[in-house]
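Novice: This is the structure I want to talk about, given as structure tokens.
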Number of protein chains: 2
Amino acid sequence: MVKQERAARTRRVILSAAARIFEERGYQAATVNEILASAGVTKGALYFHFPSKEHLAEGVLHAQDLDVPIPERACKIQQMVDTVVLHAHRLQTDPMVRAGVRLSLDQQAQGLDRSGPFLRWSEVGTQLLSEAKAQGELLPHVTPTETADVLVGAFAGIQAMSQALTNYQDLPTRVSALLRHILPSVVVPSVLTAVDLTPTRGADVYTELQTLHPDLPTLHPERQPAAVS
Amino acid sequence: MVKQERAARTRRVILSAAARIFEERGYQAATVNEILASAGVTKGALYFHFPSKEHLAEGVLHAQDLDVPIPERACKIQQMVDTVVLHAHRLQTDPMVRAGVRLSLDQQAQGLDRSGPFLRWSEVGTQLLSEAKAQGELLPHVTPTETADVLVGAFAGIQAMSQALTNYQDLPTRVSALLRHILPSVVVPSVLTAVDLTPTRGADVYTELQTLHPDLPTLHPERQPAAVS
């Protein structure tokens, strides 16, 4: 058991180093030796967990998946909104999540299959929207897969724009604006008025998760007061 | 005059080479010498047009701006839609436009200000939406800058997702879906029903532009039949 914990810790240390090096150098230019030096673990330990650079990148890409699920909400659209704004909050505060998202958008990363995160998020969205549809929360013409794909794609670009313009400071405001533009085409009016889309919602959901899972790390937002977007 | 034409041609040759090398190697890893070798021009000619790697990248980033404007439409929302779908069409068919968009999303490109294209597109969108608002085409609560920013950011991610999943084959379908999800929150119903959002619209607008500007190159789409999204 202690041994397992130590292995998990080593794995995390290696992934953090990989995230750092991929961010600094880009996937293409980064080398396993640089990651090894930065992690300060033995070559054996690194190759035991990650046999290649591609495996290291896959590990970083997976880090944006959330280990602990959002609590079930009666309103499935609120649960979907909470999933989106929590992801924005983690992106703003967790360097590992950030590295994963950047890697999925690294169009120079040859030989790396970057479709994974898009497909996984699209699946999460389709699932929640299908449940919302079954509960009568959606307008009749809505196709859950199509709407999920629009949301996932749009989110990827909104975060890139926020990073390029304000280094993520205005991310919650931009994500809230995106949802306010898309939800009215998707959700029945009675649900729409009840959904909480305030820009602080992501931080609130993370705090709620921490009370349920006390082992979740406290994220230290690097953000300053949100810029006017 | 002939001299000017030759200079313009040399400039284009250098930019094409820069686009190719940036795509292959990423901004960070690419060197001016590689671009020089690929362009096959003299060192003097290259430095005359572009004094540094950053200038070369700026040139490629600017290549996504359209030299010839979309014809004025009576309906400003249609003009905005045409601007968006034309950009998608150029992205799908013109390697130089593609290189510019990728460069704006290259989060590893340190020291390169990638905010330019976001800000320029945002300005174009704000202008068209303000005109639409003045003509009564928008719902009363809409703020042109906010909606323009949502569209620009969302578009950037939609194209990245299309590239990662289908190498741009399904881009027109995805862009059409994005617009169908956002416009109902922005546009008055009578305008909405009149707007043409068919996925072939971008190619049609480009053909229209070619009849007005016969010197525009014929783009050869690399696309195969659009995948089902």
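If you're wondering about the labels, chains in the structure tokens are A, B, ... by order shown, residues count from 1 in each chain, ligands from 1 in order shown.
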Residues near Leu216 of chain A, anyone? I mean within 10 Å using only C-alpha atoms, not counting same-chain ones fewer than 6 positions away, as a ChimeraX atom specification.

Specialist: /A:67-68,206-207,209-210

Novice: Would you list the contacts of segment 148-154 of chain B as a PyMOL selection string, taking every protein, DNA or RNA residue within 6 Å and counting only C-alpha atoms, but skipping same-chain residues closer than 3 positions in sequence?

Specialist: (chain A and resi 154+157-158+161+178) or (chain B and resi 122+125-126+144-145+157)

Novice: Please, could you write that set of residues out with C-alpha atoms as a PDB file, in the first residue's frame?

Specialist:
```pdb
ATOM      1  CA  ALA A 154     -15.766  26.612 -29.046  1.00  0.00           C
ATOM      2  CA  GLY A 157     -10.761  28.440 -28.868  1.00  0.00           C
ATOM      3  CA  ILE A 158     -12.174  30.688 -26.142  1.00  0.00           C
ATOM      4  CA  MET A 161      -7.995  33.579 -27.038  1.00  0.00           C
ATOM      5  CA  LEU A 178     -19.970  31.718 -24.590  1.00  0.00           C
TER       6      LEU A 178
ATOM      7  CA  SER B 122     -12.687  40.873 -33.302  1.00  0.00           C
ATOM      8  CA  GLY B 125     -16.853  41.363 -36.245  1.00  0.00           C
ATOM      9  CA  THR B 126     -17.609  44.310 -33.955  1.00  0.00           C
ATOM     10  CA  PRO B 144     -21.444  43.826 -30.547  1.00  0.00           C
ATOM     11  CA  THR B 145     -17.936  43.537 -28.989  1.00  0.00           C
ATOM     12  CA  GLY B 157     -11.356  26.248 -31.452  1.00  0.00           C
TER      13      GLY B 157
END
```

Novice: Residues of chain B near chain A: apply a cut-off of 9 Å, count only C-alpha atoms, and supply the list as a ChimeraX atom specification.

Specialist: /B:22-26,28-29,102-110,113-115,118-119,145-147,149-165,174-175,177-178,180-186,229

Novice: Atom CA of Gly111 of chain A and atom CA of Gly44 of chain A, how far apart in Å?

Specialist: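 Taking atom CA of Gly44 of chain A and atom CA of Gly111 of chain A, their separation equals 24.5 Å.
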